[in-house]
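Colleague: Okay, so here is final-v8.txt, and as you'll see once you scroll down, it has compact mmCIF, N, CA and C atoms and all ligand atoms.
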```txt
# COMPACT_ATOMS: atom_id res chain seq x y z
N MET A 477 20.53 -8.11 -11.86
CA MET A 477 19.28 -8.86 -11.68
C MET A 477 18.12 -8.08 -12.31
N ALA A 478 17.26 -8.76 -12.98
CA ALA A 478 16.12 -8.10 -13.62
C ALA A 478 15.16 -7.58 -12.57
N ARG A 479 14.67 -6.41 -12.81
CA ARG A 479 13.68 -5.86 -11.91
C ARG A 479 12.31 -6.36 -12.32
N ILE A 480 11.42 -6.51 -11.37
CA ILE A 480 10.07 -6.97 -11.68
C ILE A 480 9.08 -5.87 -11.33
N PRO A 481 8.31 -5.42 -12.31
CA PRO A 481 7.37 -4.34 -12.02
C PRO A 481 6.33 -4.77 -10.99
N ALA A 482 5.97 -3.87 -10.11
CA ALA A 482 4.91 -4.13 -9.13
C ALA A 482 3.55 -3.99 -9.79
N TYR A 483 3.48 -3.15 -10.80
CA TYR A 483 2.23 -2.91 -11.50
C TYR A 483 2.55 -2.57 -12.95
N LYS A 484 1.78 -3.15 -13.85
CA LYS A 484 2.03 -2.87 -15.26
C LYS A 484 0.73 -2.94 -16.03
N GLU A 485 0.42 -1.88 -16.73
CA GLU A 485 -0.77 -1.86 -17.56
C GLU A 485 -0.46 -1.12 -18.86
N LEU A 486 -0.74 -1.79 -19.97
CA LEU A 486 -0.56 -1.16 -21.29
C LEU A 486 -1.91 -1.17 -21.98
N ILE A 487 -2.35 -0.02 -22.44
CA ILE A 487 -3.63 0.05 -23.17
C ILE A 487 -3.35 0.54 -24.58
N ASN A 488 -3.75 -0.26 -25.56
CA ASN A 488 -3.56 0.06 -27.00
C ASN A 488 -2.11 0.40 -27.33
N THR A 489 -1.21 -0.17 -26.58
CA THR A 489 0.20 0.19 -26.67
C THR A 489 1.05 -1.05 -26.50
N ARG A 490 2.17 -1.10 -27.19
CA ARG A 490 3.09 -2.21 -27.08
C ARG A 490 4.45 -1.68 -26.67
N LEU A 491 5.14 -2.46 -25.86
CA LEU A 491 6.47 -2.08 -25.39
C LEU A 491 7.44 -3.13 -25.90
N ALA A 492 8.62 -2.71 -26.38
CA ALA A 492 9.56 -3.65 -26.98
C ALA A 492 10.02 -4.71 -25.98
N ASN A 493 10.16 -4.33 -24.73
CA ASN A 493 10.59 -5.28 -23.71
C ASN A 493 9.67 -5.18 -22.50
N ALA A 494 9.96 -5.99 -21.49
CA ALA A 494 9.04 -6.10 -20.35
C ALA A 494 8.74 -4.74 -19.72
N TYR A 495 9.75 -3.92 -19.54
CA TYR A 495 9.48 -2.64 -18.89
C TYR A 495 10.34 -1.51 -19.45
N GLY A 496 10.67 -1.61 -20.72
CA GLY A 496 11.41 -0.51 -21.35
C GLY A 496 11.58 -0.76 -22.82
N GLY A 497 12.32 0.13 -23.43
CA GLY A 497 12.57 0.04 -24.86
C GLY A 497 11.59 0.89 -25.64
N TRP A 498 11.48 0.62 -26.93
CA TRP A 498 10.60 1.40 -27.78
C TRP A 498 9.15 1.20 -27.38
N ILE A 499 8.40 2.28 -27.48
CA ILE A 499 6.96 2.25 -27.18
C ILE A 499 6.23 2.38 -28.52
N TYR A 500 5.32 1.45 -28.79
CA TYR A 500 4.60 1.46 -30.07
C TYR A 500 3.11 1.68 -29.86
N CYS A 501 2.52 2.48 -30.74
CA CYS A 501 1.07 2.63 -30.80
C CYS A 501 0.51 1.38 -31.49
N GLU A 502 -0.51 0.77 -30.90
CA GLU A 502 -1.10 -0.41 -31.53
C GLU A 502 -2.07 -0.06 -32.64
N GLY A 503 -2.42 1.23 -32.75
CA GLY A 503 -3.30 1.65 -33.84
C GLY A 503 -2.58 1.60 -35.19
N CYS A 504 -1.36 2.11 -35.22
CA CYS A 504 -0.63 2.22 -36.49
C CYS A 504 0.73 1.52 -36.44
N ASN A 505 1.09 0.97 -35.28
CA ASN A 505 2.38 0.28 -35.09
C ASN A 505 3.59 1.19 -35.23
N LYS A 506 3.37 2.49 -35.16
CA LYS A 506 4.51 3.41 -35.20
C LYS A 506 5.08 3.59 -33.79
N THR A 507 6.35 3.94 -33.76
CA THR A 507 7.00 4.25 -32.50
C THR A 507 6.52 5.61 -32.01
N ILE A 508 6.11 5.68 -30.77
CA ILE A 508 5.74 6.99 -30.22
C ILE A 508 6.73 7.45 -29.17
N GLY A 509 7.63 6.56 -28.77
CA GLY A 509 8.63 6.99 -27.79
C GLY A 509 9.52 5.85 -27.36
N TYR A 510 10.30 6.15 -26.35
CA TYR A 510 11.26 5.19 -25.82
C TYR A 510 11.31 5.36 -24.31
N LEU A 511 11.38 4.25 -23.61
CA LEU A 511 11.46 4.29 -22.14
C LEU A 511 12.76 3.61 -21.72
N CYS A 512 13.58 4.32 -20.95
CA CYS A 512 14.85 3.75 -20.48
C CYS A 512 14.55 2.74 -19.37
N TYR A 513 15.31 1.66 -19.35
CA TYR A 513 14.95 0.52 -18.51
C TYR A 513 15.15 0.73 -17.01
N VAL A 514 16.29 1.25 -16.63
CA VAL A 514 16.69 1.13 -15.22
C VAL A 514 16.65 2.43 -14.43
N THR A 515 16.26 3.51 -15.07
CA THR A 515 16.40 4.80 -14.39
C THR A 515 15.09 5.31 -13.78
N TYR A 516 14.00 4.61 -13.99
CA TYR A 516 12.73 5.11 -13.45
C TYR A 516 12.12 4.12 -12.45
N ASP A 517 11.29 4.66 -11.54
CA ASP A 517 10.52 3.82 -10.62
C ASP A 517 9.05 3.81 -10.98
N LEU A 518 8.62 4.86 -11.67
CA LEU A 518 7.22 4.96 -12.06
C LEU A 518 7.16 5.67 -13.40
N PHE A 519 6.34 5.14 -14.29
CA PHE A 519 6.13 5.81 -15.57
C PHE A 519 4.66 5.70 -15.91
N ARG A 520 4.07 6.82 -16.22
CA ARG A 520 2.66 6.86 -16.54
C ARG A 520 2.49 7.80 -17.73
N LEU A 521 2.01 7.27 -18.82
CA LEU A 521 1.87 8.06 -20.06
C LEU A 521 0.46 7.89 -20.60
N ASN A 522 -0.17 8.99 -20.93
CA ASN A 522 -1.44 8.97 -21.66
C ASN A 522 -1.23 9.77 -22.92
N TYR A 523 -1.64 9.22 -24.06
CA TYR A 523 -1.38 9.93 -25.30
C TYR A 523 -2.48 9.70 -26.32
N GLN A 524 -2.52 10.60 -27.29
CA GLN A 524 -3.29 10.35 -28.50
C GLN A 524 -2.31 10.41 -29.66
N CYS A 525 -2.27 9.31 -30.40
CA CYS A 525 -1.37 9.20 -31.55
C CYS A 525 -1.97 9.97 -32.72
N LYS A 526 -1.12 10.34 -33.67
CA LYS A 526 -1.57 11.01 -34.89
C LYS A 526 -2.59 10.17 -35.67
N CYS A 527 -2.55 8.83 -35.48
CA CYS A 527 -3.49 7.95 -36.18
C CYS A 527 -4.88 7.96 -35.54
N GLY A 528 -5.03 8.61 -34.39
CA GLY A 528 -6.32 8.68 -33.72
C GLY A 528 -6.43 7.77 -32.52
N ASN A 529 -5.55 6.79 -32.43
CA ASN A 529 -5.55 5.86 -31.31
C ASN A 529 -5.19 6.59 -30.00
N CYS A 530 -5.95 6.28 -28.93
CA CYS A 530 -5.58 6.76 -27.60
C CYS A 530 -5.02 5.59 -26.82
N GLY A 531 -3.91 5.79 -26.17
CA GLY A 531 -3.30 4.70 -25.44
C GLY A 531 -2.66 5.18 -24.17
N SER A 532 -2.25 4.21 -23.36
CA SER A 532 -1.56 4.57 -22.13
C SER A 532 -0.59 3.48 -21.70
N VAL A 533 0.37 3.91 -20.92
CA VAL A 533 1.36 3.02 -20.31
C VAL A 533 1.40 3.38 -18.84
N HIS A 534 1.37 2.36 -17.99
CA HIS A 534 1.51 2.62 -16.55
C HIS A 534 2.35 1.48 -15.97
N ILE A 535 3.55 1.81 -15.53
CA ILE A 535 4.43 0.80 -14.94
C ILE A 535 5.02 1.38 -13.67
N THR A 536 4.96 0.61 -12.60
CA THR A 536 5.62 1.05 -11.36
C THR A 536 6.41 -0.11 -10.79
N PHE A 537 7.49 0.23 -10.12
CA PHE A 537 8.25 -0.74 -9.34
C PHE A 537 7.93 -0.49 -7.87
N GLU A 538 8.33 -1.41 -7.02
CA GLU A 538 8.08 -1.25 -5.59
C GLU A 538 8.52 0.14 -5.16
N PRO A 539 7.62 0.90 -4.50
CA PRO A 539 8.01 2.24 -4.10
C PRO A 539 9.12 2.21 -3.05
N LYS A 540 9.93 3.24 -3.08
CA LYS A 540 10.95 3.38 -2.04
C LYS A 540 10.26 3.73 -0.72
N SER A 541 10.98 3.51 0.40
CA SER A 541 10.36 3.78 1.69
C SER A 541 10.14 5.29 1.88
N ILE A 542 10.97 6.07 1.24
CA ILE A 542 10.80 7.53 1.32
C ILE A 542 9.99 8.00 0.14
N LYS A 543 8.97 8.81 0.39
CA LYS A 543 8.12 9.30 -0.70
C LYS A 543 8.92 10.16 -1.67
N PRO A 544 8.64 10.06 -2.95
CA PRO A 544 9.37 10.90 -3.91
C PRO A 544 9.03 12.38 -3.74
N THR A 545 9.98 13.21 -4.06
CA THR A 545 9.77 14.66 -4.06
C THR A 545 9.14 15.05 -5.38
N ASN A 546 8.12 15.88 -5.33
CA ASN A 546 7.54 16.40 -6.57
C ASN A 546 8.34 17.59 -7.03
N SER A 547 8.78 17.54 -8.25
CA SER A 547 9.58 18.65 -8.78
C SER A 547 8.73 19.49 -9.72
N LYS A 548 8.93 20.79 -9.66
CA LYS A 548 8.26 21.68 -10.61
C LYS A 548 9.12 21.89 -11.84
N GLN A 549 10.32 21.38 -11.80
CA GLN A 549 11.21 21.49 -12.95
C GLN A 549 10.76 20.57 -14.08
N SER A 550 11.23 20.86 -15.27
CA SER A 550 10.96 19.99 -16.41
C SER A 550 12.17 19.10 -16.64
N LEU A 551 11.92 18.00 -17.30
CA LEU A 551 13.05 17.19 -17.75
C LEU A 551 13.84 18.00 -18.76
N ILE A 552 15.13 17.75 -18.83
CA ILE A 552 15.94 18.45 -19.81
C ILE A 552 16.29 17.50 -20.94
N GLN A 553 16.39 18.05 -22.12
CA GLN A 553 16.71 17.21 -23.27
C GLN A 553 18.21 17.17 -23.50
N ILE A 554 18.76 15.95 -23.49
CA ILE A 554 20.17 15.75 -23.82
C ILE A 554 20.20 14.78 -25.00
N LYS A 555 20.73 15.24 -26.11
CA LYS A 555 20.63 14.50 -27.37
C LYS A 555 19.15 14.20 -27.62
N ASN A 556 18.77 12.94 -27.76
CA ASN A 556 17.35 12.67 -28.04
C ASN A 556 16.59 12.17 -26.82
N ARG A 557 17.19 12.29 -25.62
CA ARG A 557 16.53 11.79 -24.42
C ARG A 557 16.11 12.91 -23.49
N LEU A 558 14.94 12.73 -22.86
CA LEU A 558 14.55 13.60 -21.76
C LEU A 558 15.21 13.06 -20.50
N CYS A 559 15.92 13.91 -19.79
CA CYS A 559 16.74 13.48 -18.66
C CYS A 559 16.37 14.23 -17.40
N CYS A 560 16.66 13.62 -16.26
CA CYS A 560 16.46 14.26 -14.96
C CYS A 560 17.40 15.46 -14.85
N PRO A 561 16.86 16.64 -14.49
CA PRO A 561 17.73 17.82 -14.39
C PRO A 561 18.70 17.76 -13.21
N GLU A 562 18.41 16.90 -12.22
CA GLU A 562 19.28 16.81 -11.03
C GLU A 562 20.56 16.02 -11.33
N ASP A 563 20.40 14.84 -11.89
CA ASP A 563 21.54 13.93 -12.04
C ASP A 563 21.78 13.49 -13.48
N LYS A 564 21.00 14.09 -14.39
CA LYS A 564 21.16 13.83 -15.83
C LYS A 564 20.84 12.38 -16.23
N SER A 565 20.15 11.64 -15.38
CA SER A 565 19.76 10.28 -15.77
C SER A 565 18.85 10.34 -16.99
N PRO A 566 19.15 9.58 -18.03
CA PRO A 566 18.23 9.53 -19.17
C PRO A 566 16.97 8.76 -18.79
N LEU A 567 15.81 9.30 -19.10
CA LEU A 567 14.56 8.67 -18.65
C LEU A 567 13.69 8.20 -19.82
N THR A 568 13.39 9.08 -20.74
CA THR A 568 12.43 8.72 -21.77
C THR A 568 12.63 9.58 -23.01
N THR A 569 12.01 9.19 -24.08
CA THR A 569 11.91 10.00 -25.29
C THR A 569 10.47 9.93 -25.74
N LEU A 570 9.88 11.05 -26.11
CA LEU A 570 8.54 11.05 -26.68
C LEU A 570 8.62 11.70 -28.05
N LEU A 571 8.15 10.99 -29.06
CA LEU A 571 8.27 11.47 -30.44
C LEU A 571 7.07 12.35 -30.77
N GLU A 572 7.26 13.64 -30.55
CA GLU A 572 6.15 14.58 -30.70
C GLU A 572 5.58 14.58 -32.11
N LYS A 573 6.40 14.26 -33.10
CA LYS A 573 5.88 14.28 -34.47
C LYS A 573 4.83 13.19 -34.71
N ASN A 574 4.83 12.15 -33.88
CA ASN A 574 3.84 11.09 -34.03
C ASN A 574 2.68 11.22 -33.04
N LEU A 575 2.68 12.27 -32.25
CA LEU A 575 1.69 12.41 -31.19
C LEU A 575 0.85 13.67 -31.36
N ASP A 576 -0.46 13.52 -31.18
CA ASP A 576 -1.34 14.69 -31.17
C ASP A 576 -1.28 15.37 -29.81
N SER A 577 -1.29 14.57 -28.77
CA SER A 577 -1.21 15.12 -27.41
C SER A 577 -0.71 14.04 -26.48
N TYR A 578 -0.16 14.46 -25.35
CA TYR A 578 0.29 13.49 -24.36
C TYR A 578 0.49 14.17 -23.02
N LYS A 579 0.44 13.37 -21.98
CA LYS A 579 0.87 13.83 -20.66
C LYS A 579 1.53 12.65 -19.98
N TYR A 580 2.45 12.93 -19.08
CA TYR A 580 3.13 11.82 -18.43
C TYR A 580 3.63 12.23 -17.06
N GLU A 581 3.89 11.25 -16.25
CA GLU A 581 4.67 11.47 -15.04
C GLU A 581 5.71 10.38 -14.95
N ILE A 582 6.85 10.73 -14.40
CA ILE A 582 7.94 9.77 -14.31
C ILE A 582 8.75 10.07 -13.06
N ASN A 583 9.16 9.01 -12.37
CA ASN A 583 10.01 9.17 -11.19
C ASN A 583 11.42 8.77 -11.55
N CYS A 584 12.35 9.64 -11.26
CA CYS A 584 13.75 9.29 -11.43
C CYS A 584 14.19 8.46 -10.22
N SER A 585 14.70 7.28 -10.51
CA SER A 585 15.09 6.37 -9.44
C SER A 585 16.30 6.87 -8.66
N ALA A 586 17.23 7.50 -9.35
CA ALA A 586 18.48 7.92 -8.72
C ALA A 586 18.25 8.95 -7.62
N CYS A 587 17.37 9.93 -7.86
CA CYS A 587 17.17 11.00 -6.86
C CYS A 587 15.78 10.97 -6.25
N ASN A 588 14.97 9.96 -6.62
CA ASN A 588 13.64 9.79 -6.06
C ASN A 588 12.79 11.05 -6.22
N THR A 589 12.80 11.58 -7.43
CA THR A 589 12.05 12.81 -7.73
C THR A 589 11.02 12.51 -8.82
N LYS A 590 9.84 13.10 -8.65
CA LYS A 590 8.78 12.90 -9.63
C LYS A 590 8.62 14.13 -10.51
N TYR A 591 8.55 13.89 -11.83
CA TYR A 591 8.34 14.95 -12.80
C TYR A 591 7.03 14.71 -13.50
N GLN A 592 6.30 15.76 -13.75
CA GLN A 592 4.97 15.62 -14.31
C GLN A 592 4.77 16.65 -15.42
N VAL A 593 4.27 16.19 -16.55
CA VAL A 593 3.99 17.09 -17.67
C VAL A 593 2.56 16.88 -18.12
N ASP A 594 1.78 17.95 -18.10
CA ASP A 594 0.38 17.87 -18.54
C ASP A 594 0.21 18.59 -19.86
ZN ZN B 1 -0.96 5.36 -33.94
ZN ZN B 2 17.18 12.19 -10.85
```
Show the structure stored in the file as structure tokens.
Modeller:
Amino acid sequence: MARIPAYKELINTRLANAYGGWIYCEGCNKTIGYLCYVTYDLFRLNYQCKCGNCGSVHITFEPKSIKPTNSKQSLIQIKNRLCCPEDKSPLTTLLEKNLDSYKYEINCSACNTKYQVD
């Protein structure tokens, strides 16, 4: 069954599908990353693209009844995906070569853990 986001806001940014897939900068239409569909509960990205455009993505699903644990760990890279270090769930890809700067937070749905990169 398709999940329905509880909150969704895209600024200067396009997403290939309703809540996942390739992430495009609307300034230059280049891909700046990829968001995996089913493994996250919250995704929040703020970035500045190499073209100068500043954009953001904010999508959340209904929160779980138990608050997520904040992790000080970083996501680990497996092949081209950033993955949860606990259960190896693939979460996102950010194409650093197309980005001047970015920060994000993402919750892994499988272990209810929040990762944050500033
Ligand atoms: Zn751009
Ligand atoms: Zn996890």
Colleague: As a PDB file with N, CA and C atoms, in the frame of the given file, please: the residues near Lys506 (chain A) (cut-off 10 Å, only C-alpha atoms, same-chain neighbours under 2 positions excluded).
Modeller:
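Everything below was put into selection33.pdb:
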```pdb
ATOM      1  N   ARG A 490       2.170  -1.100 -27.190  1.00  0.00           N
ATOM      2  CA  ARG A 490       3.090  -2.210 -27.080  1.00  0.00           C
ATOM      3  C   ARG A 490       4.450  -1.680 -26.670  1.00  0.00           C
ATOM      4  N   TRP A 498      11.480   0.620 -26.930  1.00  0.00           N
ATOM      5  CA  TRP A 498      10.600   1.400 -27.780  1.00  0.00           C
ATOM      6  C   TRP A 498       9.150   1.200 -27.380  1.00  0.00           C
ATOM      7  N   ILE A 499       8.400   2.280 -27.480  1.00  0.00           N
ATOM      8  CA  ILE A 499       6.960   2.250 -27.180  1.00  0.00           C
ATOM      9  C   ILE A 499       6.230   2.380 -28.520  1.00  0.00           C
ATOM     10  N   TYR A 500       5.320   1.450 -28.790  1.00  0.00           N
ATOM     11  CA  TYR A 500       4.600   1.460 -30.070  1.00  0.00           C
ATOM     12  C   TYR A 500       3.110   1.680 -29.860  1.00  0.00           C
ATOM     13  N   CYS A 501       2.520   2.480 -30.740  1.00  0.00           N
ATOM     14  CA  CYS A 501       1.070   2.630 -30.800  1.00  0.00           C
ATOM     15  C   CYS A 501       0.510   1.380 -31.490  1.00  0.00           C
ATOM     16  N   GLU A 502      -0.510   0.770 -30.900  1.00  0.00           N
ATOM     17  CA  GLU A 502      -1.100  -0.410 -31.530  1.00  0.00           C
ATOM     18  C   GLU A 502      -2.070  -0.060 -32.640  1.00  0.00           C
ATOM     19  N   GLY A 503      -2.420   1.230 -32.750  1.00  0.00           N
ATOM     20  CA  GLY A 503      -3.300   1.650 -33.840  1.00  0.00           C
ATOM     21  C   GLY A 503      -2.580   1.600 -35.190  1.00  0.00           C
ATOM     22  N   CYS A 504      -1.360   2.110 -35.220  1.00  0.00           N
ATOM     23  CA  CYS A 504      -0.630   2.220 -36.490  1.00  0.00           C
ATOM     24  C   CYS A 504       0.730   1.520 -36.440  1.00  0.00           C
ATOM     25  N   ILE A 508       6.110   5.680 -30.770  1.00  0.00           N
ATOM     26  CA  ILE A 508       5.740   6.990 -30.220  1.00  0.00           C
ATOM     27  C   ILE A 508       6.730   7.450 -29.170  1.00  0.00           C
ATOM     28  N   GLY A 509       7.630   6.560 -28.770  1.00  0.00           N
ATOM     29  CA  GLY A 509       8.630   6.990 -27.790  1.00  0.00           C
ATOM     30  C   GLY A 509       9.520   5.850 -27.360  1.00  0.00           C
ATOM     31  N   CYS A 525      -2.270   9.310 -30.400  1.00  0.00           N
ATOM     32  CA  CYS A 525      -1.370   9.200 -31.550  1.00  0.00           C
ATOM     33  C   CYS A 525      -1.970   9.970 -32.720  1.00  0.00           C
ATOM     34  N   LYS A 526      -1.120  10.340 -33.670  1.00  0.00           N
ATOM     35  CA  LYS A 526      -1.570  11.010 -34.890  1.00  0.00           C
ATOM     36  C   LYS A 526      -2.590  10.170 -35.670  1.00  0.00           C
ATOM     37  N   CYS A 527      -2.550   8.830 -35.480  1.00  0.00           N
ATOM     38  CA  CYS A 527      -3.490   7.950 -36.180  1.00  0.00           C
ATOM     39  C   CYS A 527      -4.880   7.960 -35.540  1.00  0.00           C
ATOM     40  N   ASN A 574       4.830  12.150 -33.880  1.00  0.00           N
ATOM     41  CA  ASN A 574       3.840  11.090 -34.030  1.00  0.00           C
ATOM     42  C   ASN A 574       2.680  11.220 -33.040  1.00  0.00           C
TER      43      ASN A 574
END
```
Colleague: Using only N, CA and C atoms and all ligand atoms, pick whichever of A:Cys530, A:Ile487, A:Ala482, A:Cys584 has the shortest atom-to-atom distance to ligand ZN 2 (chain B).
Modeller: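 Nearest to ligand ZN 2 (chain B): A:Cys584.
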Colleague: How close does each residue of chain A get to ligand ZN 2 (chain B), giving the shortest atom pair and distance in Å to one decimal for every residue with an atom at most 6.5 Å away, counting only N, CA and C atoms and all ligand atoms, sorted by chain and residue number, as a tab-separated table?
Modeller:
```
residue	atom	partner	partner_atom	distance
A:Cys560	CA	B:ZN2	ZN	4.7
A:Pro561	N	B:ZN2	ZN	5.8
A:Glu562	N	B:ZN2	ZN	5.1
A:Asp563	N	B:ZN2	ZN	4.3
A:Lys564	N	B:ZN2	ZN	5.5
A:Ser565	N	B:ZN2	ZN	5.4
A:Cys584	CA	B:ZN2	ZN	4.5
A:Ser585	N	B:ZN2	ZN	5.5
A:Ala586	C	B:ZN2	ZN	4.7
A:Cys587	N	B:ZN2	ZN	3.8
A:Asn588	N	B:ZN2	ZN	5.3
A:Thr589	N	B:ZN2	ZN	5.6
```
Colleague: Nearest to Tyr591 (chain A) among A:Asn546, A:Asn505, A:Thr515, A:Asn529, with distances taken over all atoms listed in the file: which residue is it?
Modeller: A:Asn546
Colleague: Could you please determine the separation between CA of Leu567 (chain A) and CA of Glu485 (chain A) in Å, to one decimal place?
Modeller: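 Those two atoms sit 18.6 Å apart.
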Colleague: Suppose you want the space between CA of Tyr578 (chain A) and CA of Asp517 (chain A); what is it in Å?
Modeller: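 These atoms are spaced 19.7 Å apart.
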Colleague: DSSP on the backbone: what in region 511-558 of chain A comes out strand (DSSP E or B), as a list in words?
Modeller: Leu511, Tyr516, Asp517, Leu518, Phe519, Arg520, Leu521, Asn522, Tyr523, Gln524, Cys525, Cys530, Gly531, Ser532, Val533, His534, Ile535, Thr536, Thr545, Asn546, Ile552, Gln553, Ile554, Arg557 and Leu558 of chain A
Colleague: Can you list, as a list in words, every protein, DNA or RNA residue that comes within 8 Å of Tyr510 (chain A) when you count only C-alpha atoms, leaving out same-chain residues fewer than 5 positions away?
Modeller: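 My reading of the contact set: Gly496, Gly497, Trp498, Ile499, Thr568, Thr569 and Leu570 of chain A.
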Colleague: Separation of CA of Lys548 (chain A) and atom C of Tyr495 (chain A), in Å?
Modeller: 24.9 Å
Colleague: With a distance cut-off of 6.5 Å and all atoms listed in the file, select the neighbouring residues of Phe519 (chain A), excluding the residue or stretch itself and same-chain residues fewer than 4 positions from it, and output the selection as a short mmCIF file (atom, residue, chain, number, x, y, z; two decimals) with N, CA and C atoms, keeping the file's coordinate frame.
Modeller:
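Written output follows (around01.cif):
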```cif
data_model
loop_
_atom_site.label_atom_id
_atom_site.label_comp_id
_atom_site.auth_asym_id
_atom_site.auth_seq_id
_atom_site.Cartn_x
_atom_site.Cartn_y
_atom_site.Cartn_z
N VAL A 533 0.37 3.91 -20.92
CA VAL A 533 1.36 3.02 -20.31
C VAL A 533 1.40 3.38 -18.84
N HIS A 534 1.37 2.36 -17.99
CA HIS A 534 1.51 2.62 -16.55
C HIS A 534 2.35 1.48 -15.97
N ILE A 535 3.55 1.81 -15.53
CA ILE A 535 4.43 0.80 -14.94
C ILE A 535 5.02 1.38 -13.67
N THR A 536 4.96 0.61 -12.60
CA THR A 536 5.62 1.05 -11.36
C THR A 536 6.41 -0.11 -10.79
N GLU A 581 3.89 11.25 -16.25
CA GLU A 581 4.67 11.47 -15.04
C GLU A 581 5.71 10.38 -14.95
N ILE A 582 6.85 10.73 -14.40
CA ILE A 582 7.94 9.77 -14.31
C ILE A 582 8.75 10.07 -13.06
N ASN A 583 9.16 9.01 -12.37
CA ASN A 583 10.01 9.17 -11.19
C ASN A 583 11.42 8.77 -11.55
#
```
Colleague: Please determine, counting only C-alpha atoms, which residue among A:Leu486, A:Pro566, A:Gln553, A:Cys559 has the shortest atom-to-atom distance to Arg520 (chain A).
Modeller: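 Of A:Leu486, A:Pro566, A:Gln553, A:Cys559, the one nearest Arg520 (chain A), counting only C-alpha atoms, is A:Leu486.
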